[in-house]
Every structure is written in C-alpha cells, then in structure tokens.
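Q: This is the structure, below, for whatever I ask next.
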Amino acid sequence: MRVMSTVAEQLRQAREAKGLTVQQVAEITKIRTDHLIALEEGNFNLFPAPVYIRGFVRNYSALLKLDVPQVLACLDAELGATSKFAEPPPLGVNAHGVLDFIMLQLSRIDWRKTAIALGVVVVIVACFSALSALRRSRTSDPLHGLKPGVYHSTQSVAGDTLPLPAPGSQR
C-alpha cells in the first residue's frame, strides 16, 4: 500500500515535474514566493488563517493540473492535525454597536457621486439664497425706519403755519 504524500510534497513534486521555478509560479499565480516556499515546506504557521492556505493551495494545484478536490481534502486533514488550525475561527454573533452600523453604511457610499451631488445641492441652495436676498432688497421700503420730518421755513414766520401759496399759482 502506497503512503499518500503530504500536500507540500505533492506541490513541490508537481512543480518540478512541470519544470517550473518558484519565481515562475509566483508570476503566474500572483502568490508571493515566500508563501509558495512555505506551502512547499508545509510551513502553514506563516499564514494567519486557513482560508489563505486553502486559496493558495487551490490556485497552485489548479496551475499544476493536480486533482484539486483531492489535494484540498489532504490539506484539510493536515490542517486538522495542527494546533493552530485544528478549530475553525468562531463565527458567533458579535454584538455590533451603532458605530459599526454607521461605518458599514459609509463604506457602501460611492464618494465620487456623493461629492458631485453635494456640489449640485450647494450651488442650488446658493442660487435660491441669492435670489431671495435680491427680492427682499427690492421690496423693502427705502424710507423704512426714518422718523417723520418737520417742516422748517427759511422765512421767519411767527407760528407753526405753512406759508400761503402766492396768488395766481393754482395747481
């Protein structure tokens, strides 16, 4: 009975059989060379979470034309044997506050469109403000606020009476 090789050995052997270097694989898969080397060495502690390992192994296996589901099944068995990745991260419900909700909503905003819309609103408000100020200045009474005037004659006339119009001057 043949003992199944580790995922790391399968990847390394398949890469060498294809005649590819680690740098060539890195260029094709866009996976960093240090990550590829860690995968080929079975050094999974370099990765923060198993999701990265599974994704990298899936892409790497597909490039090398390996049986991806079989390689991933071997990977899951190997990760289950490690202390770091034996248990999946908790997916429990965390209490989210108002700030989390606000940040989520703000992250969904398309800021370019929002800036344009805000600019249009500012221009419209400025136009209406200028128009209403112009209307107020035209309809206001220019004599509003002045005290009533008292007539003072330049002639010295006794009393507070107005001079009589000259005879013959009719309106």
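Residue numbers start at 1 in each chain; chains themselves are named A, B, ... in the order of the structure tokens; ligands are numbered from 1 in the order shown.
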If we count only C-alpha atoms and set the cut-off at 8 Å, which residues sit around region 62-71 of chain A, ignoring sequence neighbours fewer than 3 positions away in its own chain? Please answer as a short mmCIF file (atom, residue, chain, number, x, y, z; two decimals) with N, CA and C atoms, in the first residue's frame.
A:
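Contents of the output file part.cif:
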```cif
data_model
loop_
_atom_site.label_atom_id
_atom_site.label_comp_id
_atom_site.auth_asym_id
_atom_site.auth_seq_id
_atom_site.Cartn_x
_atom_site.Cartn_y
_atom_site.Cartn_z
N VAL A 7 0.66 17.41 1.23
CA VAL A 7 0.31 18.43 0.24
C VAL A 7 1.56 19.16 -0.21
N LEU A 11 2.84 19.34 -4.13
CA LEU A 11 3.02 20.61 -4.85
C LEU A 11 4.44 20.72 -5.39
N ALA A 14 5.06 18.16 -8.26
CA ALA A 14 4.34 18.52 -9.47
C ALA A 14 4.99 19.72 -10.15
N ARG A 15 5.44 20.70 -9.36
CA ARG A 15 6.11 21.88 -9.93
C ARG A 15 7.40 21.46 -10.62
N LYS A 18 6.84 19.69 -13.90
CA LYS A 18 6.48 20.62 -14.97
C LYS A 18 7.66 21.48 -15.40
N THR A 29 0.66 32.82 -10.74
CA THR A 29 -0.43 32.76 -9.75
C THR A 29 -0.61 34.05 -8.96
N VAL A 57 -3.42 27.00 -2.05
CA VAL A 57 -3.26 25.61 -2.49
C VAL A 57 -4.20 25.31 -3.66
N ARG A 58 -5.41 25.85 -3.62
CA ARG A 58 -6.36 25.64 -4.73
C ARG A 58 -5.79 26.21 -6.02
N ASN A 59 -5.29 27.45 -5.99
CA ASN A 59 -4.74 28.07 -7.20
C ASN A 59 -3.48 27.34 -7.67
N CYS A 74 -6.74 16.43 1.42
CA CYS A 74 -5.49 16.15 2.14
C CYS A 74 -5.08 17.35 2.99
N LEU A 75 -5.26 18.54 2.44
CA LEU A 75 -4.89 19.77 3.17
C LEU A 75 -5.75 19.90 4.43
#
```
Q: May I ask for the distance between CA of Leu72 (chain A) and CA of Asn45 (chain A), given in Å to one decimal place?
A: 17.3 Å
Q: With only C-alpha atoms as the basis for distance, which of A:Phe101, A:Phe44, A:Trp111, A:Tyr52 is at the shortest distance from Lys84 (chain A)?
A: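 Looking at the shortest contact to Lys84 (chain A), the residue is A:Phe44.
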Q: Using backbone DSSP assignments, extract all helix (DSSP H, G or I) residues from region 24-153 of chain A; output them as a VMD selection string.
A: chain A and resid 24 to 29 33 to 41 44 to 46 50 to 63 68 to 81 98 to 107 111 to 139
Q: Could you state the separation of CA of Thr33 (chain A) and CA of Thr82 (chain A) in Å, given to one decimal place?
A: 23.1 Å
